[in-house]
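Student: Have a peek at upload17.txt (compact mmCIF, N, CA and C atoms).
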```
# COMPACT_ATOMS: atom_id res chain seq x y z
N MET Q 1 39.95 -39.34 -0.20
CA MET Q 1 40.70 -39.38 -1.44
C MET Q 1 40.70 -40.83 -1.94
N ASN Q 2 40.71 -40.99 -3.24
CA ASN Q 2 40.88 -42.30 -3.84
C ASN Q 2 41.62 -42.14 -5.17
N LEU Q 3 41.95 -43.26 -5.77
CA LEU Q 3 42.75 -43.24 -6.99
C LEU Q 3 42.09 -42.44 -8.10
N ASN Q 4 40.79 -42.52 -8.22
CA ASN Q 4 40.08 -41.82 -9.29
C ASN Q 4 40.13 -40.30 -9.15
N SER Q 5 40.38 -39.82 -7.95
CA SER Q 5 40.43 -38.37 -7.74
C SER Q 5 41.83 -37.79 -7.99
N LEU Q 6 42.79 -38.64 -8.27
CA LEU Q 6 44.16 -38.16 -8.50
C LEU Q 6 44.32 -37.58 -9.90
N PRO Q 7 45.29 -36.69 -10.08
CA PRO Q 7 45.60 -36.20 -11.42
C PRO Q 7 46.00 -37.35 -12.35
N TYR Q 8 45.82 -37.13 -13.64
CA TYR Q 8 46.13 -38.17 -14.64
C TYR Q 8 47.54 -38.70 -14.50
N VAL Q 9 48.53 -37.83 -14.29
CA VAL Q 9 49.93 -38.28 -14.23
C VAL Q 9 50.13 -39.28 -13.08
N ASP Q 10 49.47 -39.03 -11.95
CA ASP Q 10 49.59 -39.94 -10.82
C ASP Q 10 48.90 -41.28 -11.12
N ARG Q 11 47.70 -41.23 -11.68
CA ARG Q 11 46.98 -42.46 -12.01
C ARG Q 11 47.76 -43.30 -13.01
N LYS Q 12 48.34 -42.65 -14.00
CA LYS Q 12 49.11 -43.35 -15.03
C LYS Q 12 50.33 -44.03 -14.42
N CYS Q 13 51.04 -43.32 -13.58
CA CYS Q 13 52.23 -43.88 -12.93
C CYS Q 13 51.84 -45.07 -12.04
N VAL Q 14 50.83 -44.89 -11.23
CA VAL Q 14 50.40 -45.93 -10.29
C VAL Q 14 49.97 -47.19 -11.03
N SER Q 15 49.13 -47.04 -12.04
CA SER Q 15 48.64 -48.22 -12.75
C SER Q 15 49.78 -48.93 -13.48
N THR Q 16 50.68 -48.16 -14.07
CA THR Q 16 51.82 -48.75 -14.77
C THR Q 16 52.74 -49.47 -13.79
N LEU Q 17 53.02 -48.85 -12.66
CA LEU Q 17 53.90 -49.44 -11.65
C LEU Q 17 53.32 -50.73 -11.09
N VAL Q 18 52.06 -50.70 -10.70
CA VAL Q 18 51.44 -51.90 -10.11
C VAL Q 18 51.39 -53.03 -11.13
N ASN Q 19 51.03 -52.71 -12.37
CA ASN Q 19 51.05 -53.72 -13.43
C ASN Q 19 52.44 -54.32 -13.59
N GLU Q 20 53.44 -53.48 -13.62
CA GLU Q 20 54.81 -53.97 -13.82
C GLU Q 20 55.25 -54.86 -12.66
N ILE Q 21 54.89 -54.50 -11.45
CA ILE Q 21 55.26 -55.33 -10.29
C ILE Q 21 54.60 -56.70 -10.38
N LEU Q 22 53.30 -56.71 -10.62
CA LEU Q 22 52.56 -57.96 -10.60
C LEU Q 22 52.84 -58.84 -11.81
N LEU Q 23 53.24 -58.23 -12.92
CA LEU Q 23 53.50 -59.00 -14.13
C LEU Q 23 54.98 -59.08 -14.47
N TRP Q 24 55.84 -58.69 -13.53
CA TRP Q 24 57.26 -58.52 -13.80
C TRP Q 24 57.91 -59.74 -14.43
N ASP Q 25 57.68 -60.89 -13.88
CA ASP Q 25 58.33 -62.10 -14.37
C ASP Q 25 57.46 -63.29 -13.99
N ASP Q 26 57.08 -64.07 -14.97
CA ASP Q 26 56.22 -65.21 -14.70
C ASP Q 26 56.81 -66.18 -13.69
N LEU Q 27 58.13 -66.20 -13.57
CA LEU Q 27 58.77 -67.13 -12.66
C LEU Q 27 58.77 -66.64 -11.22
N ARG Q 28 58.52 -65.37 -11.02
CA ARG Q 28 58.52 -64.80 -9.67
C ARG Q 28 57.08 -64.65 -9.19
N ARG Q 29 56.90 -64.75 -7.91
CA ARG Q 29 55.59 -64.56 -7.31
C ARG Q 29 55.68 -63.30 -6.44
N LEU Q 30 55.59 -62.14 -7.09
CA LEU Q 30 55.67 -60.88 -6.35
C LEU Q 30 54.29 -60.48 -5.87
N ALA Q 31 54.25 -59.89 -4.69
CA ALA Q 31 53.01 -59.40 -4.11
C ALA Q 31 53.27 -58.01 -3.53
N ILE Q 32 52.18 -57.26 -3.37
CA ILE Q 32 52.28 -55.88 -2.91
C ILE Q 32 51.54 -55.71 -1.60
N THR Q 33 52.23 -55.10 -0.63
CA THR Q 33 51.59 -54.62 0.59
C THR Q 33 51.47 -53.12 0.44
N VAL Q 34 50.27 -52.58 0.66
CA VAL Q 34 50.05 -51.13 0.57
C VAL Q 34 50.08 -50.56 1.99
N ASN Q 35 50.96 -49.59 2.18
CA ASN Q 35 51.05 -48.88 3.45
C ASN Q 35 50.71 -47.43 3.16
N ASP Q 36 49.76 -46.87 3.91
CA ASP Q 36 49.29 -45.50 3.65
C ASP Q 36 50.11 -44.43 4.35
N GLY Q 37 51.27 -44.80 4.85
CA GLY Q 37 52.13 -43.86 5.56
C GLY Q 37 52.01 -44.01 7.06
N GLU Q 38 50.96 -44.69 7.51
CA GLU Q 38 50.77 -44.94 8.93
C GLU Q 38 50.65 -46.42 9.25
N GLU Q 39 49.98 -47.16 8.37
CA GLU Q 39 49.77 -48.58 8.63
C GLU Q 39 49.59 -49.34 7.31
N ASP Q 40 49.79 -50.65 7.38
CA ASP Q 40 49.52 -51.50 6.23
C ASP Q 40 48.01 -51.64 6.09
N VAL Q 41 47.50 -51.23 4.93
CA VAL Q 41 46.05 -51.32 4.69
C VAL Q 41 45.71 -52.52 3.82
N LEU Q 42 46.72 -53.14 3.22
CA LEU Q 42 46.55 -54.34 2.41
C LEU Q 42 47.84 -55.14 2.50
N ASP Q 43 47.71 -56.43 2.74
CA ASP Q 43 48.89 -57.27 2.94
C ASP Q 43 49.07 -58.26 1.80
N ARG Q 44 50.20 -58.19 1.12
CA ARG Q 44 50.66 -59.13 0.10
C ARG Q 44 49.57 -59.57 -0.88
N SER Q 45 49.12 -58.66 -1.68
CA SER Q 45 48.12 -58.98 -2.70
C SER Q 45 48.77 -59.09 -4.07
N ARG Q 46 48.24 -60.00 -4.87
CA ARG Q 46 48.67 -60.15 -6.27
C ARG Q 46 47.53 -59.76 -7.20
N ASP Q 47 46.48 -59.18 -6.66
CA ASP Q 47 45.30 -58.81 -7.43
C ASP Q 47 45.35 -57.33 -7.78
N LEU Q 48 45.50 -57.03 -9.07
CA LEU Q 48 45.65 -55.66 -9.55
C LEU Q 48 44.52 -54.76 -9.05
N GLY Q 49 43.29 -55.19 -9.23
CA GLY Q 49 42.14 -54.38 -8.83
C GLY Q 49 42.10 -54.10 -7.34
N VAL Q 50 42.42 -55.11 -6.55
CA VAL Q 50 42.41 -54.93 -5.09
C VAL Q 50 43.52 -53.97 -4.67
N VAL Q 51 44.71 -54.14 -5.23
CA VAL Q 51 45.81 -53.23 -4.88
C VAL Q 51 45.43 -51.79 -5.21
N LEU Q 52 44.92 -51.54 -6.40
CA LEU Q 52 44.55 -50.18 -6.80
C LEU Q 52 43.44 -49.62 -5.91
N GLU Q 53 42.52 -50.47 -5.48
CA GLU Q 53 41.42 -50.04 -4.62
C GLU Q 53 41.92 -49.53 -3.26
N TYR Q 54 42.98 -50.13 -2.75
CA TYR Q 54 43.50 -49.76 -1.44
C TYR Q 54 44.49 -48.60 -1.48
N MET Q 55 44.81 -48.13 -2.67
CA MET Q 55 45.78 -47.05 -2.79
C MET Q 55 45.10 -45.68 -2.75
N ALA Q 56 45.90 -44.67 -2.40
CA ALA Q 56 45.51 -43.25 -2.46
C ALA Q 56 44.43 -42.87 -1.46
N SER Q 57 44.40 -43.54 -0.31
CA SER Q 57 43.50 -43.10 0.75
C SER Q 57 44.10 -41.92 1.51
N THR Q 58 45.41 -41.70 1.30
CA THR Q 58 46.11 -40.54 1.87
C THR Q 58 46.92 -39.90 0.74
N ASP Q 59 47.72 -38.90 1.07
CA ASP Q 59 48.52 -38.20 0.06
C ASP Q 59 49.75 -38.97 -0.40
N GLU Q 60 50.03 -40.10 0.26
CA GLU Q 60 51.18 -40.90 -0.13
C GLU Q 60 50.94 -42.36 0.21
N ASP Q 61 51.63 -43.22 -0.48
CA ASP Q 61 51.60 -44.66 -0.22
C ASP Q 61 53.00 -45.21 -0.33
N TYR Q 62 53.23 -46.28 0.40
CA TYR Q 62 54.42 -47.10 0.23
C TYR Q 62 53.94 -48.43 -0.31
N LEU Q 63 54.57 -48.89 -1.38
CA LEU Q 63 54.31 -50.22 -1.90
C LEU Q 63 55.48 -51.09 -1.48
N LEU Q 64 55.22 -52.06 -0.64
CA LEU Q 64 56.24 -52.97 -0.14
C LEU Q 64 56.16 -54.24 -0.97
N ILE Q 65 57.26 -54.62 -1.60
CA ILE Q 65 57.27 -55.72 -2.55
C ILE Q 65 57.88 -56.96 -1.89
N SER Q 66 57.12 -58.05 -1.94
CA SER Q 66 57.58 -59.33 -1.39
C SER Q 66 57.54 -60.39 -2.48
N GLU Q 67 58.41 -61.38 -2.33
CA GLU Q 67 58.45 -62.50 -3.27
C GLU Q 67 58.17 -63.79 -2.51
N GLN Q 68 57.27 -64.60 -3.06
CA GLN Q 68 56.96 -65.88 -2.44
C GLN Q 68 57.83 -66.96 -3.04
N HIS Q 69 58.49 -67.71 -2.18
CA HIS Q 69 59.36 -68.80 -2.61
C HIS Q 69 58.56 -70.09 -2.75
N PRO Q 70 59.09 -71.06 -3.47
CA PRO Q 70 58.37 -72.32 -3.67
C PRO Q 70 57.93 -73.01 -2.37
N ASP Q 71 58.69 -72.80 -1.30
CA ASP Q 71 58.32 -73.43 -0.03
C ASP Q 71 57.23 -72.65 0.72
N GLY Q 72 56.74 -71.57 0.11
CA GLY Q 72 55.64 -70.79 0.70
C GLY Q 72 56.08 -69.62 1.56
N THR Q 73 57.38 -69.50 1.84
CA THR Q 73 57.86 -68.38 2.65
C THR Q 73 57.94 -67.12 1.81
N TRP Q 74 57.89 -65.99 2.48
CA TRP Q 74 57.95 -64.70 1.81
C TRP Q 74 59.26 -64.00 2.14
N ARG Q 75 59.80 -63.28 1.14
CA ARG Q 75 61.02 -62.48 1.33
C ARG Q 75 60.74 -61.06 0.84
N HIS Q 76 61.10 -60.09 1.67
CA HIS Q 76 60.97 -58.68 1.27
C HIS Q 76 62.00 -58.39 0.19
N ARG Q 77 61.58 -57.74 -0.90
CA ARG Q 77 62.49 -57.43 -2.00
C ARG Q 77 62.74 -55.94 -2.17
N GLY Q 78 61.80 -55.10 -1.75
CA GLY Q 78 62.02 -53.67 -1.89
C GLY Q 78 60.74 -52.90 -1.70
N TRP Q 79 60.81 -51.59 -2.02
CA TRP Q 79 59.66 -50.72 -1.80
C TRP Q 79 59.70 -49.53 -2.76
N PHE Q 80 58.53 -48.93 -2.94
CA PHE Q 80 58.38 -47.69 -3.69
C PHE Q 80 57.59 -46.72 -2.83
N ARG Q 81 58.04 -45.48 -2.74
CA ARG Q 81 57.29 -44.43 -2.04
C ARG Q 81 56.63 -43.56 -3.10
N LEU Q 82 55.32 -43.44 -3.01
CA LEU Q 82 54.55 -42.64 -3.96
C LEU Q 82 53.99 -41.42 -3.24
N ILE Q 83 54.19 -40.25 -3.83
CA ILE Q 83 53.60 -39.01 -3.30
C ILE Q 83 52.72 -38.45 -4.40
N TYR Q 84 51.44 -38.34 -4.10
CA TYR Q 84 50.47 -37.89 -5.09
C TYR Q 84 50.48 -36.36 -5.19
N GLY Q 85 50.38 -35.86 -6.42
CA GLY Q 85 50.44 -34.43 -6.65
C GLY Q 85 51.84 -33.88 -6.51
N ASN Q 86 52.84 -34.72 -6.70
CA ASN Q 86 54.24 -34.36 -6.48
C ASN Q 86 54.86 -33.62 -7.66
N GLY Q 87 54.21 -33.63 -8.82
CA GLY Q 87 54.79 -32.97 -9.98
C GLY Q 87 53.92 -33.15 -11.21
N THR Q 88 54.46 -32.73 -12.34
CA THR Q 88 53.70 -32.78 -13.59
C THR Q 88 54.06 -33.97 -14.46
N SER Q 89 55.08 -34.72 -14.08
CA SER Q 89 55.50 -35.90 -14.81
C SER Q 89 55.11 -37.15 -14.02
N PRO Q 90 54.65 -38.20 -14.70
CA PRO Q 90 54.28 -39.41 -13.97
C PRO Q 90 55.40 -39.96 -13.09
N MET Q 91 56.64 -39.88 -13.53
CA MET Q 91 57.74 -40.44 -12.75
C MET Q 91 58.00 -39.66 -11.47
N GLU Q 92 57.50 -38.43 -11.38
CA GLU Q 92 57.64 -37.66 -10.13
C GLU Q 92 56.75 -38.21 -9.03
N THR Q 93 55.77 -39.02 -9.38
CA THR Q 93 54.93 -39.66 -8.37
C THR Q 93 55.76 -40.62 -7.54
N ILE Q 94 56.72 -41.31 -8.18
CA ILE Q 94 57.62 -42.20 -7.45
C ILE Q 94 58.68 -41.32 -6.79
N SER Q 95 58.47 -41.03 -5.52
CA SER Q 95 59.35 -40.12 -4.79
C SER Q 95 60.68 -40.78 -4.45
N ASP Q 96 60.63 -42.08 -4.16
CA ASP Q 96 61.83 -42.79 -3.75
C ASP Q 96 61.56 -44.28 -3.90
N TYR Q 97 62.62 -45.06 -3.89
CA TYR Q 97 62.49 -46.51 -3.91
C TYR Q 97 63.78 -47.12 -3.38
N GLY Q 98 63.69 -48.35 -2.94
CA GLY Q 98 64.85 -49.03 -2.40
C GLY Q 98 64.64 -50.53 -2.44
N TRP Q 99 65.65 -51.27 -2.02
CA TRP Q 99 65.59 -52.72 -2.11
C TRP Q 99 66.34 -53.37 -0.98
N SER Q 100 66.01 -54.64 -0.78
CA SER Q 100 66.74 -55.46 0.18
C SER Q 100 68.01 -55.96 -0.51
N GLU Q 101 68.82 -56.67 0.23
CA GLU Q 101 70.09 -57.15 -0.31
C GLU Q 101 69.91 -57.96 -1.60
N LYS Q 102 68.91 -58.79 -1.68
CA LYS Q 102 68.71 -59.63 -2.86
C LYS Q 102 67.63 -59.09 -3.79
N GLY Q 103 67.14 -57.87 -3.53
CA GLY Q 103 66.05 -57.34 -4.34
C GLY Q 103 66.45 -56.29 -5.36
N GLU Q 104 67.73 -55.93 -5.43
CA GLU Q 104 68.15 -54.84 -6.30
C GLU Q 104 67.76 -55.07 -7.75
N LYS Q 105 68.04 -56.24 -8.29
CA LYS Q 105 67.74 -56.51 -9.69
C LYS Q 105 66.24 -56.37 -9.97
N VAL Q 106 65.43 -56.90 -9.09
CA VAL Q 106 63.97 -56.86 -9.26
C VAL Q 106 63.47 -55.42 -9.25
N ILE Q 107 63.81 -54.68 -8.22
CA ILE Q 107 63.28 -53.32 -8.04
C ILE Q 107 63.82 -52.38 -9.11
N GLU Q 108 65.10 -52.44 -9.40
CA GLU Q 108 65.68 -51.59 -10.45
C GLU Q 108 65.05 -51.88 -11.81
N SER Q 109 64.83 -53.14 -12.11
CA SER Q 109 64.23 -53.51 -13.39
C SER Q 109 62.79 -52.98 -13.49
N ILE Q 110 62.04 -53.11 -12.42
CA ILE Q 110 60.67 -52.60 -12.41
C ILE Q 110 60.68 -51.09 -12.64
N TYR Q 111 61.53 -50.37 -11.90
CA TYR Q 111 61.60 -48.92 -12.03
C TYR Q 111 61.97 -48.52 -13.46
N ARG Q 112 62.99 -49.13 -14.03
CA ARG Q 112 63.43 -48.78 -15.39
C ARG Q 112 62.36 -49.11 -16.43
N ASN Q 113 61.66 -50.22 -16.27
CA ASN Q 113 60.59 -50.58 -17.21
C ASN Q 113 59.45 -49.57 -17.15
N VAL Q 114 59.07 -49.14 -15.97
CA VAL Q 114 58.01 -48.13 -15.82
C VAL Q 114 58.46 -46.82 -16.44
N GLU Q 115 59.69 -46.42 -16.15
CA GLU Q 115 60.23 -45.18 -16.71
C GLU Q 115 60.23 -45.22 -18.24
N PHE Q 116 60.69 -46.30 -18.81
CA PHE Q 116 60.74 -46.45 -20.26
C PHE Q 116 59.34 -46.40 -20.87
N PHE Q 117 58.40 -47.14 -20.29
CA PHE Q 117 57.04 -47.19 -20.80
C PHE Q 117 56.39 -45.81 -20.76
N LEU Q 118 56.53 -45.11 -19.64
CA LEU Q 118 55.87 -43.81 -19.50
C LEU Q 118 56.50 -42.78 -20.43
N GLU Q 119 57.82 -42.78 -20.58
CA GLU Q 119 58.47 -41.84 -21.48
C GLU Q 119 58.03 -42.08 -22.92
N LYS Q 120 57.96 -43.33 -23.31
CA LYS Q 120 57.57 -43.71 -24.66
C LYS Q 120 56.10 -43.34 -24.92
N GLU Q 121 55.23 -43.64 -23.97
CA GLU Q 121 53.81 -43.41 -24.16
C GLU Q 121 53.44 -41.92 -24.16
N LEU Q 122 54.16 -41.13 -23.41
CA LEU Q 122 53.81 -39.72 -23.27
C LEU Q 122 54.56 -38.81 -24.21
N GLN Q 123 55.32 -39.36 -25.14
CA GLN Q 123 56.01 -38.52 -26.13
C GLN Q 123 55.00 -37.91 -27.08
N PRO Q 124 55.22 -36.63 -27.47
CA PRO Q 124 54.27 -35.98 -28.38
C PRO Q 124 54.31 -36.57 -29.79
```
Once you've parsed the file, please lay out its structure as structure tokens.

Tutor:
Amino acid sequence: MNLNSLPYVDRKCVSTLVNEILLWDDLRRLAITVNDGEEDVLDRSRDLGVVLEYMASTDEDYLLISEQHPDGTWRHRGWFRLIYGNGTSPMETISDYGWSEKGEKVIESIYRNVEFFLEKELQP
């Protein structure tokens, strides 16, 4: 399985979500670790193409979101659980999400921005 073999709703959600994470705020250095449900298959990438390439090798992925601080250290900020083929709406692809103690604002904002964009774009 790969991203190109997924239904349109899943591809749209995934691409919108990854874009929103990586472009969320110019002042933040967010990166994505892709976990296929068993292991991390990509560690802390900020490259859109690379992240998308490593996604959808299984029926679900976890996107683990980390922020790099000016001193070079990384802090976990939250995660998104994606289940492919989970429904007919793009937002149903995001099965669950959560955040660390200091990641709520970041993760909630990303989720709401993706939700708003997809609702607006898919209106008849």

Student: Find, counting only C-alpha atoms, the residue in Q:Asp59, Q:Ser15, Q:Asn4, Q:Asp10 that gets nearest to Q:Gly87.

Tutor: Q:Asp10

Student: Could you tell me how far atom N of Q:Leu42 sits from atom N of Q:Trp99, in Å to one decimal place?

Tutor: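 Between atom N of Q:Trp99 and atom N of Q:Leu42 the gap is 19.7 Å.
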
Student: With only C-alpha atoms as the atoms that count, which of Q:Asn19, Q:Ser66, Q:Ser100, Q:Ser5 lies nearest to Q:Thr33?

Tutor: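 Comparing Q:Asn19, Q:Ser66, Q:Ser100, Q:Ser5 against Q:Thr33, the winner is Q:Ser66.
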
Student: Can you check which residues of chain Q DSSP gives as strand (DSSP E) on the backbone and send them as a PDB file with N, CA and C atoms, in the frame of the given file?

Tutor:
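out.pdb, freshly written:
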```pdb
ATOM      1  N   LEU Q  30      55.590 -62.140  -7.090  1.00  0.00           N
ATOM      2  CA  LEU Q  30      55.670 -60.880  -6.350  1.00  0.00           C
ATOM      3  C   LEU Q  30      54.290 -60.480  -5.870  1.00  0.00           C
ATOM      4  N   ALA Q  31      54.250 -59.890  -4.690  1.00  0.00           N
ATOM      5  CA  ALA Q  31      53.010 -59.400  -4.110  1.00  0.00           C
ATOM      6  C   ALA Q  31      53.270 -58.010  -3.530  1.00  0.00           C
ATOM      7  N   ILE Q  32      52.180 -57.260  -3.370  1.00  0.00           N
ATOM      8  CA  ILE Q  32      52.280 -55.880  -2.910  1.00  0.00           C
ATOM      9  C   ILE Q  32      51.540 -55.710  -1.600  1.00  0.00           C
ATOM     10  N   THR Q  33      52.230 -55.100  -0.630  1.00  0.00           N
ATOM     11  CA  THR Q  33      51.590 -54.620   0.590  1.00  0.00           C
ATOM     12  C   THR Q  33      51.470 -53.120   0.440  1.00  0.00           C
ATOM     13  N   VAL Q  34      50.270 -52.580   0.660  1.00  0.00           N
ATOM     14  CA  VAL Q  34      50.050 -51.130   0.570  1.00  0.00           C
ATOM     15  C   VAL Q  34      50.080 -50.560   1.990  1.00  0.00           C
ATOM     16  N   ASN Q  35      50.960 -49.590   2.180  1.00  0.00           N
ATOM     17  CA  ASN Q  35      51.050 -48.880   3.450  1.00  0.00           C
ATOM     18  C   ASN Q  35      50.710 -47.430   3.160  1.00  0.00           C
ATOM     19  N   ASP Q  40      49.790 -50.650   7.380  1.00  0.00           N
ATOM     20  CA  ASP Q  40      49.520 -51.500   6.230  1.00  0.00           C
ATOM     21  C   ASP Q  40      48.010 -51.640   6.090  1.00  0.00           C
ATOM     22  N   VAL Q  41      47.500 -51.230   4.930  1.00  0.00           N
ATOM     23  CA  VAL Q  41      46.050 -51.320   4.690  1.00  0.00           C
ATOM     24  C   VAL Q  41      45.710 -52.520   3.820  1.00  0.00           C
ATOM     25  N   LEU Q  42      46.720 -53.140   3.220  1.00  0.00           N
ATOM     26  CA  LEU Q  42      46.550 -54.340   2.410  1.00  0.00           C
ATOM     27  C   LEU Q  42      47.840 -55.140   2.500  1.00  0.00           C
ATOM     28  N   ASP Q  43      47.710 -56.430   2.740  1.00  0.00           N
ATOM     29  CA  ASP Q  43      48.890 -57.270   2.940  1.00  0.00           C
ATOM     30  C   ASP Q  43      49.070 -58.260   1.800  1.00  0.00           C
ATOM     31  N   ARG Q  44      50.200 -58.190   1.120  1.00  0.00           N
ATOM     32  CA  ARG Q  44      50.660 -59.130   0.100  1.00  0.00           C
ATOM     33  C   ARG Q  44      49.570 -59.570  -0.880  1.00  0.00           C
ATOM     34  N   SER Q  45      49.120 -58.660  -1.680  1.00  0.00           N
ATOM     35  CA  SER Q  45      48.120 -58.980  -2.700  1.00  0.00           C
ATOM     36  C   SER Q  45      48.770 -59.090  -4.070  1.00  0.00           C
ATOM     37  N   GLU Q  60      50.030 -40.100   0.260  1.00  0.00           N
ATOM     38  CA  GLU Q  60      51.180 -40.900  -0.130  1.00  0.00           C
ATOM     39  C   GLU Q  60      50.940 -42.360   0.210  1.00  0.00           C
ATOM     40  N   ASP Q  61      51.630 -43.220  -0.480  1.00  0.00           N
ATOM     41  CA  ASP Q  61      51.600 -44.660  -0.220  1.00  0.00           C
ATOM     42  C   ASP Q  61      53.000 -45.210  -0.330  1.00  0.00           C
ATOM     43  N   TYR Q  62      53.230 -46.280   0.400  1.00  0.00           N
ATOM     44  CA  TYR Q  62      54.420 -47.100   0.230  1.00  0.00           C
ATOM     45  C   TYR Q  62      53.940 -48.430  -0.310  1.00  0.00           C
ATOM     46  N   LEU Q  63      54.570 -48.890  -1.380  1.00  0.00           N
ATOM     47  CA  LEU Q  63      54.310 -50.220  -1.900  1.00  0.00           C
ATOM     48  C   LEU Q  63      55.480 -51.090  -1.480  1.00  0.00           C
ATOM     49  N   LEU Q  64      55.220 -52.060  -0.640  1.00  0.00           N
ATOM     50  CA  LEU Q  64      56.240 -52.970  -0.140  1.00  0.00           C
ATOM     51  C   LEU Q  64      56.160 -54.240  -0.970  1.00  0.00           C
ATOM     52  N   ILE Q  65      57.260 -54.620  -1.600  1.00  0.00           N
ATOM     53  CA  ILE Q  65      57.270 -55.720  -2.550  1.00  0.00           C
ATOM     54  C   ILE Q  65      57.880 -56.960  -1.890  1.00  0.00           C
ATOM     55  N   SER Q  66      57.120 -58.050  -1.940  1.00  0.00           N
ATOM     56  CA  SER Q  66      57.580 -59.330  -1.390  1.00  0.00           C
ATOM     57  C   SER Q  66      57.540 -60.390  -2.480  1.00  0.00           C
ATOM     58  N   GLU Q  67      58.410 -61.380  -2.330  1.00  0.00           N
ATOM     59  CA  GLU Q  67      58.450 -62.500  -3.270  1.00  0.00           C
ATOM     60  C   GLU Q  67      58.170 -63.790  -2.510  1.00  0.00           C
ATOM     61  N   GLN Q  68      57.270 -64.600  -3.060  1.00  0.00           N
ATOM     62  CA  GLN Q  68      56.960 -65.880  -2.440  1.00  0.00           C
ATOM     63  C   GLN Q  68      57.830 -66.960  -3.040  1.00  0.00           C
ATOM     64  N   TRP Q  74      57.890 -65.990   2.480  1.00  0.00           N
ATOM     65  CA  TRP Q  74      57.950 -64.700   1.810  1.00  0.00           C
ATOM     66  C   TRP Q  74      59.260 -64.000   2.140  1.00  0.00           C
ATOM     67  N   ARG Q  75      59.800 -63.280   1.140  1.00  0.00           N
ATOM     68  CA  ARG Q  75      61.020 -62.480   1.330  1.00  0.00           C
ATOM     69  C   ARG Q  75      60.740 -61.060   0.840  1.00  0.00           C
ATOM     70  N   HIS Q  76      61.100 -60.090   1.670  1.00  0.00           N
ATOM     71  CA  HIS Q  76      60.970 -58.680   1.270  1.00  0.00           C
ATOM     72  C   HIS Q  76      62.000 -58.390   0.190  1.00  0.00           C
ATOM     73  N   ARG Q  77      61.580 -57.740  -0.900  1.00  0.00           N
ATOM     74  CA  ARG Q  77      62.490 -57.430  -2.000  1.00  0.00           C
ATOM     75  C   ARG Q  77      62.740 -55.940  -2.170  1.00  0.00           C
ATOM     76  N   GLY Q  78      61.800 -55.100  -1.750  1.00  0.00           N
ATOM     77  CA  GLY Q  78      62.020 -53.670  -1.890  1.00  0.00           C
ATOM     78  C   GLY Q  78      60.740 -52.900  -1.700  1.00  0.00           C
ATOM     79  N   TRP Q  79      60.810 -51.590  -2.020  1.00  0.00           N
ATOM     80  CA  TRP Q  79      59.660 -50.720  -1.800  1.00  0.00           C
ATOM     81  C   TRP Q  79      59.700 -49.530  -2.760  1.00  0.00           C
ATOM     82  N   PHE Q  80      58.530 -48.930  -2.940  1.00  0.00           N
ATOM     83  CA  PHE Q  80      58.380 -47.690  -3.690  1.00  0.00           C
ATOM     84  C   PHE Q  80      57.590 -46.720  -2.830  1.00  0.00           C
ATOM     85  N   ARG Q  81      58.040 -45.480  -2.740  1.00  0.00           N
ATOM     86  CA  ARG Q  81      57.290 -44.430  -2.040  1.00  0.00           C
ATOM     87  C   ARG Q  81      56.630 -43.560  -3.100  1.00  0.00           C
ATOM     88  N   LEU Q  82      55.320 -43.440  -3.010  1.00  0.00           N
ATOM     89  CA  LEU Q  82      54.550 -42.640  -3.960  1.00  0.00           C
ATOM     90  C   LEU Q  82      53.990 -41.420  -3.240  1.00  0.00           C
ATOM     91  N   ILE Q  83      54.190 -40.250  -3.830  1.00  0.00           N
ATOM     92  CA  ILE Q  83      53.600 -39.010  -3.300  1.00  0.00           C
ATOM     93  C   ILE Q  83      52.720 -38.450  -4.400  1.00  0.00           C
ATOM     94  N   ILE Q  94      56.720 -41.310  -8.180  1.00  0.00           N
ATOM     95  CA  ILE Q  94      57.620 -42.200  -7.450  1.00  0.00           C
ATOM     96  C   ILE Q  94      58.680 -41.320  -6.790  1.00  0.00           C
ATOM     97  N   SER Q  95      58.470 -41.030  -5.520  1.00  0.00           N
ATOM     98  CA  SER Q  95      59.350 -40.120  -4.790  1.00  0.00           C
ATOM     99  C   SER Q  95      60.680 -40.780  -4.450  1.00  0.00           C
ATOM    100  N   ASP Q  96      60.630 -42.080  -4.160  1.00  0.00           N
ATOM    101  CA  ASP Q  96      61.830 -42.790  -3.750  1.00  0.00           C
ATOM    102  C   ASP Q  96      61.560 -44.280  -3.900  1.00  0.00           C
ATOM    103  N   TYR Q  97      62.620 -45.060  -3.890  1.00  0.00           N
ATOM    104  CA  TYR Q  97      62.490 -46.510  -3.910  1.00  0.00           C
ATOM    105  C   TYR Q  97      63.780 -47.120  -3.380  1.00  0.00           C
ATOM    106  N   GLY Q  98      63.690 -48.350  -2.940  1.00  0.00           N
ATOM    107  CA  GLY Q  98      64.850 -49.030  -2.400  1.00  0.00           C
ATOM    108  C   GLY Q  98      64.640 -50.530  -2.440  1.00  0.00           C
ATOM    109  N   TRP Q  99      65.650 -51.270  -2.020  1.00  0.00           N
ATOM    110  CA  TRP Q  99      65.590 -52.720  -2.110  1.00  0.00           C
ATOM    111  C   TRP Q  99      66.340 -53.370  -0.980  1.00  0.00           C
TER     112      TRP Q  99
END
```

Student: I'd like to know which of Q:Met55, Q:Leu6, Q:Leu30, Q:Val50 is closest to Q:His69, using only C-alpha atoms.

Tutor: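 Ranking Q:Met55, Q:Leu6, Q:Leu30, Q:Val50 by distance to Q:His69, first place goes to Q:Leu30.
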
Student: Give me, please, the distance in Å between atom CA of Q:Pro90 and atom C of Q:Ile65, quoted to one decimal.

Tutor: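 Atom C of Q:Ile65 lies 21.6 Å from atom CA of Q:Pro90.
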
Student: Which of these residues is nearest to Q:Ile94, using all atoms listed in the file: Q:Val14, Q:Val41, Q:Leu3, Q:Leu64?

Tutor: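 Going through Q:Val14, Q:Val41, Q:Leu3, Q:Leu64 one by one, the smallest distance to Q:Ile94 is for Q:Val14.
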
Student: One decimal, Å: what's the distance from atom C of Q:Asn35 over to atom CA of Q:Ala56, could you say?

Tutor: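 Distance reported for this atom pair: 8.7 Å.
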
Student: I need the residue nearest Q:Met1 from this list: Q:Leu82, Q:Val106, Q:Thr16, Q:Ser57. Use only N, CA and C atoms for the distance.

Tutor: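 Ranked by minimum distance to Q:Met1, first place goes to Q:Ser57.
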